[in-house]
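Student: Let me give you the structure first, and then I'll get to my questions.
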Amino acid sequence: MKKDLLKLAGLLALVAALMTAAVEVEATRERAYRAAAEDDSTLYVRSSGAARRLALAYPALAADIYWIRAIQYYGGTKQHLQADLALAPPPKLSRDASVDYPLLYPLLDLTTSLDPRFHVAYRFGAVFLAEPFPNGPGRPDLAVELLEKGLRERPDKWEYMEDIGFVHYWYTHDYAKAAFWFAKAADLPGAPWWIRSLAATTLAQGGDRQSSRQMWAAIRESAEIDWLKQDAERRLVQLNALDQIDQLNARVDAFVQGTGQRPGNWASLVRAGFIQGIPLDPTGTPYELSSEGRVLLSQRSRLWPLPEEPAATSRRQ
Amino acid sequence: MTAIGLIAINVFRESVRDKVLYNLVFFALLLIGASYLIGQLTAGQDVKIIKDLGLSATSVFGLFIAVFIGIGLVSKEVERKSVYSLLAKPIHRYQMIAGKYAGLTLTLLVNIAIMTLALYAVLAYMAWGVSDEVQRTWDAPALDPTMLKAFALILVELMIVTAIALFFSTFSTPILSAAFTFGLFIAGHLSEDLRNFQQVVDSPAAARLARALYWVLPNLAQFDVKAQVVHAQPVPVGYMMLTSGYAALYIAVLLISAIAIFSRRDFK
């Protein structure tokens, strides 16, 4: 008996030693011949019909896998782009943002084709697609397409109509279309009461910061999914940042009027008593002052990029 | 009847002896591991994904049991020559086939029953402490009893697969039987394409052949209601009855064919 135990212990020790040696050899090989980074941005199956056939009896599970992949892809690409920006900030929105997330829509399309009732994939996916660079590919058209696909499957989902309205409101600034979709959503059973008044407000004062604030506050209160609540909270903080930038721009203008020259940096404004210190955005990142004397949100801020406001857009044009 | 019962219990005992039920341990580990990992990987879809995973794993594990044990039910007895001593006893050949089939079905039933309990246990754990507000956003409650319908149809589908494997086992080698059974399983899930074949070919003869194959091959896609139950879509009792009725008839055809072939085999 004791002999058997000793034999077993010896065997286990031998196995452990061999395994350790194998791991050590593997690690040595990795150090000596580093493998090239694998490009995982490949989507082998792009046809939803082919994916459904390949999934056999397991399309829902395949949809889950594509959904997890879409989230990882979106999060990974976003992180990678933000890290690139932190190292060398490019001129604002100077690149074609859509080339940076080439697989996002195909992944979401496959997910929702494999499981056409994957509610969250439509709602989150639309936000991912509509977000401008670097937080997304800046494709509100694809966001609307995805949500319309969801509506074809579930015409009773007022949430998808509400989301299409938001995409038009927030990203394309087409307030007539936004109001149309809000009103359509309001007609469906189960839609919250405030959507009808939102439709009216959007039509009357679309793009107005105060109405945007009301809209996001209502979403924050009513969203049943945590991620949507957090997203609404972020939009509200972005609106606060826009308010702060307006106030700071007014002080810069006052400085220009008072001294007859543009401030070269924040220190000039502090010395002149227009501000008390370097101003910080709501996330604690310092605002930037451009050479033209305009206050900008730093690209390092978690709030960047701020939403384009219709008035600002027309001013720039 | 007694002979069939005895053979069935023997098949079940043999599968337990062969450690077939060890797959339950893998199933439990898979679910527990996934319930932890899924939360880190997805955006609040844990319960849906665990349901999808649990139902799919039940189906996959059951498929492997049905195929790999089913193909050996008869051929193993012939290979080992134990069929001689078995047939020397006062039992008919049809009783042997029916008993073998019933035994493997019993194994699958026990397996699926335990997997069902395990999935409900994991879901109960995941739903525990989650606020009512969040639970209202789920398509279906975590412990939705409708999931039992999906489990029932998985069992029915596996009963057809078992009958197919047993049928091939009566006249073919285990490797070929496995290949044929998996082939029919795949074809059975793509049968909708055969039905609509005339849309992709111009030849009326080919379309007719495809249509004939559609009716002859087992239509297994109809047993897949996993997505429906996870999204709380109704699975009517009438649907369950019709699909089960189809399965009963198809299994009867396969078993009668298997008995006919096995009865004519000469073991001298």
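Chain labels run A, B, ... following the order of the structure tokens; each chain numbers its residues from 1, and ligands are numbered from 1 in the order shown.
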Can you check which residues of chain A have any atom within 9 Å of chain B? Use only C-alpha atoms and format it as a list in words.

Tutor: Arg53, Leu56, Ala57, Tyr58, Pro59, Ala60, Leu61, Asp64, Trp67, Ile68, Arg69, Ile71, Gln72, Asp115, Arg117, Phe118, His119, Val120, Phe124, Glu224, Ile225, Asp226 and Trp227 of chain A

Student: So that I can see what lies close to region 97-106 of chain B, please list as JSON, numbers by chain the residues with an atom at most 8 Å from it, counting only C-alpha atoms and leaving out residues fewer than 4 positions away in the same chain.

Tutor: {"B": [3, 4, 5, 6, 7, 8, 9, 10, 11, 12, 66, 69, 70, 73, 74, 93, 110, 159, 162, 163, 166, 255, 258, 259]}

Student: Pick out the residues sitting within 8 Å of Phe167 (chain B), and hand them over as a PyMOL selection string; count only C-alpha atoms, and ignore anything fewer than 2 positions along from it in its own chain.

Tutor: chain B and resi 163-165+169-171+254-255+257-258

Student: Keeping N, CA and C atoms for every residue in the selection just given, could you write it to a file as an mmCIF file, in the first residue's frame?

Tutor:
data_model
loop_
_atom_site.group_PDB
_atom_site.id
_atom_site.type_symbol
_atom_site.label_atom_id
_atom_site.label_comp_id
_atom_site.auth_asym_id
_atom_site.auth_seq_id
_atom_site.Cartn_x
_atom_site.Cartn_y
_atom_site.Cartn_z
ATOM 1 N N ALA B 163 -33.120 6.720 -33.083
ATOM 2 C CA ALA B 163 -33.730 5.721 -33.973
ATOM 3 C C ALA B 163 -32.945 5.624 -35.282
ATOM 4 N N ILE B 164 -32.469 6.770 -35.769
ATOM 5 C CA ILE B 164 -31.669 6.764 -37.008
ATOM 6 C C ILE B 164 -30.367 5.981 -36.771
ATOM 7 N N ALA B 165 -29.711 6.308 -35.655
ATOM 8 C CA ALA B 165 -28.434 5.642 -35.349
ATOM 9 C C ALA B 165 -28.650 4.134 -35.192
ATOM 10 N N SER B 169 -27.197 1.083 -37.358
ATOM 11 C CA SER B 169 -26.405 0.138 -36.574
ATOM 12 C C SER B 169 -26.758 -1.315 -36.900
ATOM 13 N N THR B 170 -27.967 -1.531 -37.431
ATOM 14 C CA THR B 170 -28.386 -2.921 -37.693
ATOM 15 C C THR B 170 -27.721 -3.510 -38.932
ATOM 16 N N PHE B 171 -27.159 -2.672 -39.789
ATOM 17 C CA PHE B 171 -26.568 -3.256 -41.003
ATOM 18 C C PHE B 171 -25.228 -2.629 -41.406
ATOM 19 N N LEU B 254 -38.617 4.007 -38.597
ATOM 20 C CA LEU B 254 -37.200 3.628 -38.456
ATOM 21 C C LEU B 254 -37.045 2.326 -37.668
ATOM 22 N N LEU B 255 -37.808 2.195 -36.585
ATOM 23 C CA LEU B 255 -37.668 0.995 -35.757
ATOM 24 C C LEU B 255 -38.187 -0.238 -36.485
ATOM 25 N N SER B 257 -38.234 -0.646 -39.679
ATOM 26 C CA SER B 257 -37.226 -0.955 -40.708
ATOM 27 C C SER B 257 -36.024 -1.639 -40.066
ATOM 28 N N ALA B 258 -35.596 -1.122 -38.924
ATOM 29 C CA ALA B 258 -34.449 -1.710 -38.230
ATOM 30 C C ALA B 258 -34.758 -3.150 -37.836
#

Student: Near region 101-107 of chain A, within 9 Å and counting only C-alpha atoms, which residues show up once chain neighbours fewer than 3 positions away are dropped, as JSON, numbers by chain?

Tutor: {"A": [41, 42, 43, 46, 47, 66, 67, 69, 70, 71, 73, 74, 77, 78, 97, 98, 110, 111, 112, 125, 128, 129, 136, 137, 142, 143, 146]}

Student: From a DSSP calculation on the backbone, collect every residue of region 181-297 of chain A in alpha helix (DSSP H) and output the set as a PyMOL selection string.

Tutor: chain A and resi 181-186+194-205+209-222+226-259+266-271

Student: Could you pull the residues within 12 Å of Leu188 (chain A), counting only C-alpha atoms, minus those fewer than 4 positions along the same chain, as number ranges by chain?

Tutor: A: 155-162, 181-184, 192-193, 195-196

Student: Save out the residues we just selected, all heavy atoms, as a compact mmCIF listing (two decimals), in the first residue's frame.

Tutor:
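Listing of out35.txt after writing:
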# COMPACT_ATOMS: atom_id res chain seq x y z
N PRO A 155 -42.94 44.97 -35.02
CA PRO A 155 -43.51 46.30 -35.29
C PRO A 155 -44.12 46.95 -34.05
O PRO A 155 -44.46 48.13 -34.08
CB PRO A 155 -44.60 46.01 -36.34
CG PRO A 155 -44.39 44.60 -36.76
CD PRO A 155 -43.64 43.90 -35.70
N ASP A 156 -44.25 46.17 -32.96
CA ASP A 156 -44.86 46.70 -31.74
C ASP A 156 -43.84 47.36 -30.82
O ASP A 156 -44.19 47.84 -29.75
CB ASP A 156 -45.53 45.56 -30.98
CG ASP A 156 -44.54 44.45 -30.62
OD1 ASP A 156 -43.65 44.17 -31.45
OD2 ASP A 156 -44.65 43.87 -29.52
N LYS A 157 -42.58 47.41 -31.21
CA LYS A 157 -41.54 47.91 -30.31
C LYS A 157 -41.42 49.43 -30.42
O LYS A 157 -40.73 49.95 -31.32
CB LYS A 157 -40.19 47.25 -30.66
CG LYS A 157 -40.02 45.91 -29.99
CD LYS A 157 -39.55 46.10 -28.58
CE LYS A 157 -39.47 44.81 -27.82
NZ LYS A 157 -39.28 45.01 -26.40
N TRP A 158 -42.06 50.14 -29.53
CA TRP A 158 -41.96 51.60 -29.55
C TRP A 158 -40.54 52.06 -29.25
O TRP A 158 -40.12 53.13 -29.68
CB TRP A 158 -42.96 52.24 -28.57
CG TRP A 158 -42.75 51.84 -27.13
CD1 TRP A 158 -43.37 50.84 -26.48
CD2 TRP A 158 -41.83 52.43 -26.20
NE1 TRP A 158 -42.91 50.75 -25.19
CE2 TRP A 158 -41.97 51.73 -24.98
CE3 TRP A 158 -40.92 53.47 -26.25
CZ2 TRP A 158 -41.24 52.03 -23.85
CZ3 TRP A 158 -40.18 53.79 -25.13
CH2 TRP A 158 -40.34 53.08 -23.95
N GLU A 159 -39.78 51.22 -28.52
CA GLU A 159 -38.40 51.59 -28.18
C GLU A 159 -37.55 51.81 -29.44
O GLU A 159 -36.72 52.71 -29.47
CB GLU A 159 -37.74 50.50 -27.33
CG GLU A 159 -38.30 50.36 -25.93
CD GLU A 159 -39.34 49.26 -25.85
OE1 GLU A 159 -40.02 49.00 -26.88
OE2 GLU A 159 -39.51 48.67 -24.76
N TYR A 160 -37.77 50.97 -30.47
CA TYR A 160 -36.97 51.11 -31.69
C TYR A 160 -37.32 52.42 -32.41
O TYR A 160 -36.46 53.09 -32.97
CB TYR A 160 -37.17 49.92 -32.64
CG TYR A 160 -36.80 48.57 -32.06
CD1 TYR A 160 -37.25 47.39 -32.63
CD2 TYR A 160 -35.99 48.46 -30.92
CE1 TYR A 160 -36.92 46.15 -32.11
CE2 TYR A 160 -35.67 47.23 -30.38
CZ TYR A 160 -36.14 46.08 -30.97
OH TYR A 160 -35.83 44.85 -30.44
N MET A 161 -38.63 52.76 -32.38
CA MET A 161 -39.05 54.02 -33.01
C MET A 161 -38.47 55.20 -32.25
O MET A 161 -38.00 56.18 -32.84
CB MET A 161 -40.57 54.11 -33.02
CG MET A 161 -41.22 53.04 -33.86
SD MET A 161 -42.99 53.24 -33.88
CE MET A 161 -43.45 51.81 -34.84
N GLU A 162 -38.51 55.11 -30.93
CA GLU A 162 -37.94 56.16 -30.09
C GLU A 162 -36.45 56.31 -30.41
O GLU A 162 -35.94 57.42 -30.59
CB GLU A 162 -38.12 55.74 -28.63
CG GLU A 162 -37.51 56.68 -27.61
CD GLU A 162 -37.25 55.97 -26.27
OE1 GLU A 162 -36.95 54.77 -26.27
OE2 GLU A 162 -37.35 56.64 -25.25
N TRP A 181 -40.84 60.22 -35.77
CA TRP A 181 -40.65 58.91 -35.13
C TRP A 181 -41.08 58.93 -33.67
O TRP A 181 -41.62 57.95 -33.16
CB TRP A 181 -39.20 58.45 -35.26
CG TRP A 181 -38.92 57.90 -36.63
CD1 TRP A 181 -38.27 58.52 -37.67
CD2 TRP A 181 -39.33 56.62 -37.14
NE1 TRP A 181 -38.25 57.72 -38.77
CE2 TRP A 181 -38.87 56.53 -38.48
CE3 TRP A 181 -40.02 55.54 -36.60
CZ2 TRP A 181 -39.10 55.41 -39.28
CZ3 TRP A 181 -40.23 54.41 -37.39
CH2 TRP A 181 -39.78 54.36 -38.72
N PHE A 182 -40.85 60.06 -33.00
CA PHE A 182 -41.31 60.15 -31.60
C PHE A 182 -42.84 60.03 -31.55
O PHE A 182 -43.40 59.34 -30.71
CB PHE A 182 -40.88 61.47 -30.96
CG PHE A 182 -39.39 61.56 -30.67
CD1 PHE A 182 -38.72 62.77 -30.78
CD2 PHE A 182 -38.67 60.44 -30.29
CE1 PHE A 182 -37.36 62.86 -30.51
CE2 PHE A 182 -37.31 60.52 -30.02
CZ PHE A 182 -36.64 61.73 -30.14
N ALA A 183 -43.49 60.73 -32.49
CA ALA A 183 -44.96 60.70 -32.51
C ALA A 183 -45.45 59.29 -32.82
O ALA A 183 -46.42 58.81 -32.24
CB ALA A 183 -45.48 61.69 -33.55
N LYS A 184 -44.74 58.62 -33.73
CA LYS A 184 -45.11 57.25 -34.09
C LYS A 184 -44.97 56.32 -32.88
O LYS A 184 -45.82 55.47 -32.63
CB LYS A 184 -44.18 56.77 -35.22
CG LYS A 184 -44.92 56.14 -36.38
CD LYS A 184 -43.98 55.81 -37.49
CE LYS A 184 -44.50 54.52 -38.09
NZ LYS A 184 -43.95 54.08 -39.26
N PRO A 192 -43.98 55.55 -22.98
CA PRO A 192 -44.13 56.48 -21.85
C PRO A 192 -44.80 57.78 -22.30
O PRO A 192 -44.69 58.19 -23.46
CB PRO A 192 -42.70 56.72 -21.40
CG PRO A 192 -41.84 56.30 -22.52
CD PRO A 192 -42.59 55.30 -23.32
N TRP A 193 -45.45 58.43 -21.36
CA TRP A 193 -46.26 59.61 -21.66
C TRP A 193 -45.44 60.76 -22.27
O TRP A 193 -45.91 61.53 -23.09
CB TRP A 193 -46.95 60.11 -20.38
CG TRP A 193 -45.95 60.49 -19.32
CD1 TRP A 193 -45.44 59.67 -18.36
CD2 TRP A 193 -45.29 61.75 -19.15
NE1 TRP A 193 -44.53 60.32 -17.59
CE2 TRP A 193 -44.42 61.62 -18.05
CE3 TRP A 193 -45.37 62.99 -19.80
CZ2 TRP A 193 -43.62 62.66 -17.59
CZ3 TRP A 193 -44.57 64.03 -19.34
CH2 TRP A 193 -43.71 63.86 -18.25
N ILE A 195 -43.09 60.87 -24.39
CA ILE A 195 -42.64 60.83 -25.79
C ILE A 195 -43.51 61.73 -26.67
O ILE A 195 -43.02 62.39 -27.57
CB ILE A 195 -42.66 59.38 -26.33
CG1 ILE A 195 -41.58 58.58 -25.63
CG2 ILE A 195 -42.39 59.37 -27.83
CD1 ILE A 195 -41.19 57.32 -26.31
N ARG A 196 -44.83 61.80 -26.33
CA ARG A 196 -45.70 62.64 -27.16
C ARG A 196 -45.31 64.11 -27.02
O ARG A 196 -45.21 64.83 -28.02
CB ARG A 196 -47.17 62.44 -26.77
CG ARG A 196 -48.11 63.05 -27.79
CD ARG A 196 -49.54 62.62 -27.60
NE ARG A 196 -49.75 61.19 -27.74
CZ ARG A 196 -49.78 60.54 -28.91
NH1 ARG A 196 -49.59 61.21 -30.03
NH2 ARG A 196 -49.99 59.25 -28.96

Student: With only C-alpha atoms as the counted atoms, please give the residues lying no more than 12 Å from Arg208 (chain B), apart from itself and same-chain residues fewer than 2 positions off, as a list in words.

Tutor: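 What passes the distance filter is Leu194, Arg195, Asn196, Phe197, Gln198, Gln199, Val201, Asp202, Ser203, Pro204, Ala205, Ala206, Ala210, Arg211, Ala212, Leu213, Tyr214 and Trp215 of chain B.
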
Student: Counting only C-alpha atoms, what is within 12 Å of Pro305 (chain A), bar same-chain residues fewer than 6 positions away, as a list in words?

Tutor: Gln82, Leu85, Lys92, Leu93, Glu131, Pro132, Phe133, Pro134, Asn135, Gly136, Gly138, Arg234, Arg235, Gln238, Leu239, Ala241, Leu242, Leu296, Leu297, Ser298 and Gln299 of chain A

Student: For the residues in the current selection, export N, CA, C and O atoms as a PDB file, in the first residue's frame.

Tutor:
ATOM      1  N   GLN A  82      -8.772  55.608 -29.121  1.00  0.00           N
ATOM      2  CA  GLN A  82      -8.582  56.640 -28.097  1.00  0.00           C
ATOM      3  C   GLN A  82      -7.125  56.687 -27.640  1.00  0.00           C
ATOM      4  O   GLN A  82      -6.581  57.764 -27.401  1.00  0.00           O
ATOM      5  N   LEU A  85      -5.190  58.484 -30.239  1.00  0.00           N
ATOM      6  CA  LEU A  85      -5.439  59.929 -30.167  1.00  0.00           C
ATOM      7  C   LEU A  85      -4.656  60.574 -29.041  1.00  0.00           C
ATOM      8  O   LEU A  85      -4.149  61.681 -29.165  1.00  0.00           O
ATOM      9  N   LYS A  92      -9.206  67.667 -35.584  1.00  0.00           N
ATOM     10  CA  LYS A  92     -10.537  67.166 -35.236  1.00  0.00           C
ATOM     11  C   LYS A  92     -11.325  66.669 -36.455  1.00  0.00           C
ATOM     12  O   LYS A  92     -11.482  67.389 -37.436  1.00  0.00           O
ATOM     13  N   LEU A  93     -11.759  65.410 -36.365  1.00  0.00           N
ATOM     14  CA  LEU A  93     -12.595  64.790 -37.384  1.00  0.00           C
ATOM     15  C   LEU A  93     -12.042  64.945 -38.798  1.00  0.00           C
ATOM     16  O   LEU A  93     -12.779  65.145 -39.748  1.00  0.00           O
ATOM     17  N   GLU A 131     -22.465  56.745 -33.096  1.00  0.00           N
ATOM     18  CA  GLU A 131     -21.467  57.579 -32.422  1.00  0.00           C
ATOM     19  C   GLU A 131     -20.380  58.053 -33.389  1.00  0.00           C
ATOM     20  O   GLU A 131     -19.876  57.261 -34.190  1.00  0.00           O
ATOM     21  N   PRO A 132     -20.021  59.339 -33.308  1.00  0.00           N
ATOM     22  CA  PRO A 132     -18.962  59.825 -34.204  1.00  0.00           C
ATOM     23  C   PRO A 132     -17.577  59.366 -33.752  1.00  0.00           C
ATOM     24  O   PRO A 132     -17.398  58.961 -32.608  1.00  0.00           O
ATOM     25  N   PHE A 133     -16.618  59.478 -34.657  1.00  0.00           N
ATOM     26  CA  PHE A 133     -15.235  59.122 -34.365  1.00  0.00           C
ATOM     27  C   PHE A 133     -14.726  59.899 -33.141  1.00  0.00           C
ATOM     28  O   PHE A 133     -15.034  61.074 -33.010  1.00  0.00           O
ATOM     29  N   PRO A 134     -13.985  59.322 -32.233  1.00  0.00           N
ATOM     30  CA  PRO A 134     -13.463  57.955 -32.240  1.00  0.00           C
ATOM     31  C   PRO A 134     -14.346  56.958 -31.502  1.00  0.00           C
ATOM     32  O   PRO A 134     -13.974  55.800 -31.348  1.00  0.00           O
ATOM     33  N   ASN A 135     -15.487  57.424 -31.003  1.00  0.00           N
ATOM     34  CA  ASN A 135     -16.342  56.537 -30.202  1.00  0.00           C
ATOM     35  C   ASN A 135     -17.201  55.603 -31.040  1.00  0.00           C
ATOM     36  O   ASN A 135     -17.943  54.789 -30.497  1.00  0.00           O
ATOM     37  N   GLY A 136     -17.154  55.741 -32.332  1.00  0.00           N
ATOM     38  CA  GLY A 136     -17.941  54.883 -33.218  1.00  0.00           C
ATOM     39  C   GLY A 136     -17.651  55.262 -34.649  1.00  0.00           C
ATOM     40  O   GLY A 136     -16.872  56.181 -34.906  1.00  0.00           O
ATOM     41  N   GLY A 138     -19.590  56.670 -36.732  1.00  0.00           N
ATOM     42  CA  GLY A 138     -20.299  57.857 -37.207  1.00  0.00           C
ATOM     43  C   GLY A 138     -21.223  57.537 -38.367  1.00  0.00           C
ATOM     44  O   GLY A 138     -21.221  58.242 -39.375  1.00  0.00           O
ATOM     45  N   ARG A 234     -24.203  60.453 -19.512  1.00  0.00           N
ATOM     46  CA  ARG A 234     -23.041  61.020 -20.194  1.00  0.00           C
ATOM     47  C   ARG A 234     -23.474  62.164 -21.111  1.00  0.00           C
ATOM     48  O   ARG A 234     -22.813  63.207 -21.184  1.00  0.00           O
ATOM     49  N   ARG A 235     -24.595  61.990 -21.800  1.00  0.00           N
ATOM     50  CA  ARG A 235     -25.088  63.055 -22.702  1.00  0.00           C
ATOM     51  C   ARG A 235     -25.414  64.311 -21.892  1.00  0.00           C
ATOM     52  O   ARG A 235     -25.157  65.431 -22.334  1.00  0.00           O
ATOM     53  N   GLN A 238     -22.318  66.043 -21.063  1.00  0.00           N
ATOM     54  CA  GLN A 238     -21.813  66.720 -22.269  1.00  0.00           C
ATOM     55  C   GLN A 238     -22.527  68.067 -22.455  1.00  0.00           C
ATOM     56  O   GLN A 238     -21.899  69.068 -22.812  1.00  0.00           O
ATOM     57  N   LEU A 239     -23.831  68.071 -22.174  1.00  0.00           N
ATOM     58  CA  LEU A 239     -24.581  69.331 -22.307  1.00  0.00           C
ATOM     59  C   LEU A 239     -24.093  70.347 -21.275  1.00  0.00           C
ATOM     60  O   LEU A 239     -23.987  71.547 -21.563  1.00  0.00           O
ATOM     61  N   ALA A 241     -21.075  70.475 -20.177  1.00  0.00           N
ATOM     62  CA  ALA A 241     -19.790  70.949 -20.689  1.00  0.00           C
ATOM     63  C   ALA A 241     -20.009  72.027 -21.747  1.00  0.00           C
ATOM     64  O   ALA A 241     -19.265  73.024 -21.788  1.00  0.00           O
ATOM     65  N   LEU A 242     -21.016  71.849 -22.578  1.00  0.00           N
ATOM     66  CA  LEU A 242     -21.311  72.868 -23.607  1.00  0.00           C
ATOM     67  C   LEU A 242     -21.676  74.202 -22.942  1.00  0.00           C
ATOM     68  O   LEU A 242     -21.256  75.283 -23.399  1.00  0.00           O
ATOM     69  N   LEU A 296     -12.049  74.909 -26.112  1.00  0.00           N
ATOM     70  CA  LEU A 296     -12.318  73.579 -26.690  1.00  0.00           C
ATOM     71  C   LEU A 296     -12.247  72.510 -25.614  1.00  0.00           C
ATOM     72  O   LEU A 296     -11.480  72.641 -24.663  1.00  0.00           O
ATOM     73  N   LEU A 297     -13.022  71.470 -25.845  1.00  0.00           N
ATOM     74  CA  LEU A 297     -12.914  70.300 -24.962  1.00  0.00           C
ATOM     75  C   LEU A 297     -11.682  69.507 -25.392  1.00  0.00           C
ATOM     76  O   LEU A 297     -11.458  69.323 -26.589  1.00  0.00           O
ATOM     77  N   SER A 298     -10.915  69.049 -24.424  1.00  0.00           N
ATOM     78  CA  SER A 298      -9.711  68.283 -24.760  1.00  0.00           C
ATOM     79  C   SER A 298     -10.103  66.942 -25.378  1.00  0.00           C
ATOM     80  O   SER A 298     -11.084  66.315 -24.966  1.00  0.00           O
ATOM     81  N   GLN A 299      -9.312  66.517 -26.345  1.00  0.00           N
ATOM     82  CA  GLN A 299      -9.574  65.197 -26.948  1.00  0.00           C
ATOM     83  C   GLN A 299      -9.280  64.075 -25.967  1.00  0.00           C
ATOM     84  O   GLN A 299      -9.643  62.928 -26.203  1.00  0.00           O
TER      85      GLN A 299
END

Student: Mind pulling up the distance from CA of Val67 (chain B) to CA of Val25 (chain B)?

Tutor: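 Going from CA of Val25 (chain B) over to CA of Val67 (chain B), I get 19.7 Å.
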
Student: Just give me the gap between CA of Leu108 (chain B) and CA of Leu155 (chain B) in Å, one decimal is fine.

Tutor: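 If I compute the distance from CA of Leu108 (chain B) to CA of Leu155 (chain B), I get 7.2 Å.
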
Student: Counting only C-alpha atoms, which residue out of A:Glu288, A:Asp174, A:Asp84, A:Glu148 sits closest to Pro116 (chain A)?

Tutor: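 Ranking A:Glu288, A:Asp174, A:Asp84, A:Glu148 by distance to Pro116 (chain A), first place goes to A:Glu148.
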
Student: Just give me the gap between CA of Asp246 (chain A) and CA of Gln205 (chain A) in Å, one decimal is fine.

Tutor: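 Between CA of Asp246 (chain A) and CA of Gln205 (chain A) the gap works out to 19.5 Å.
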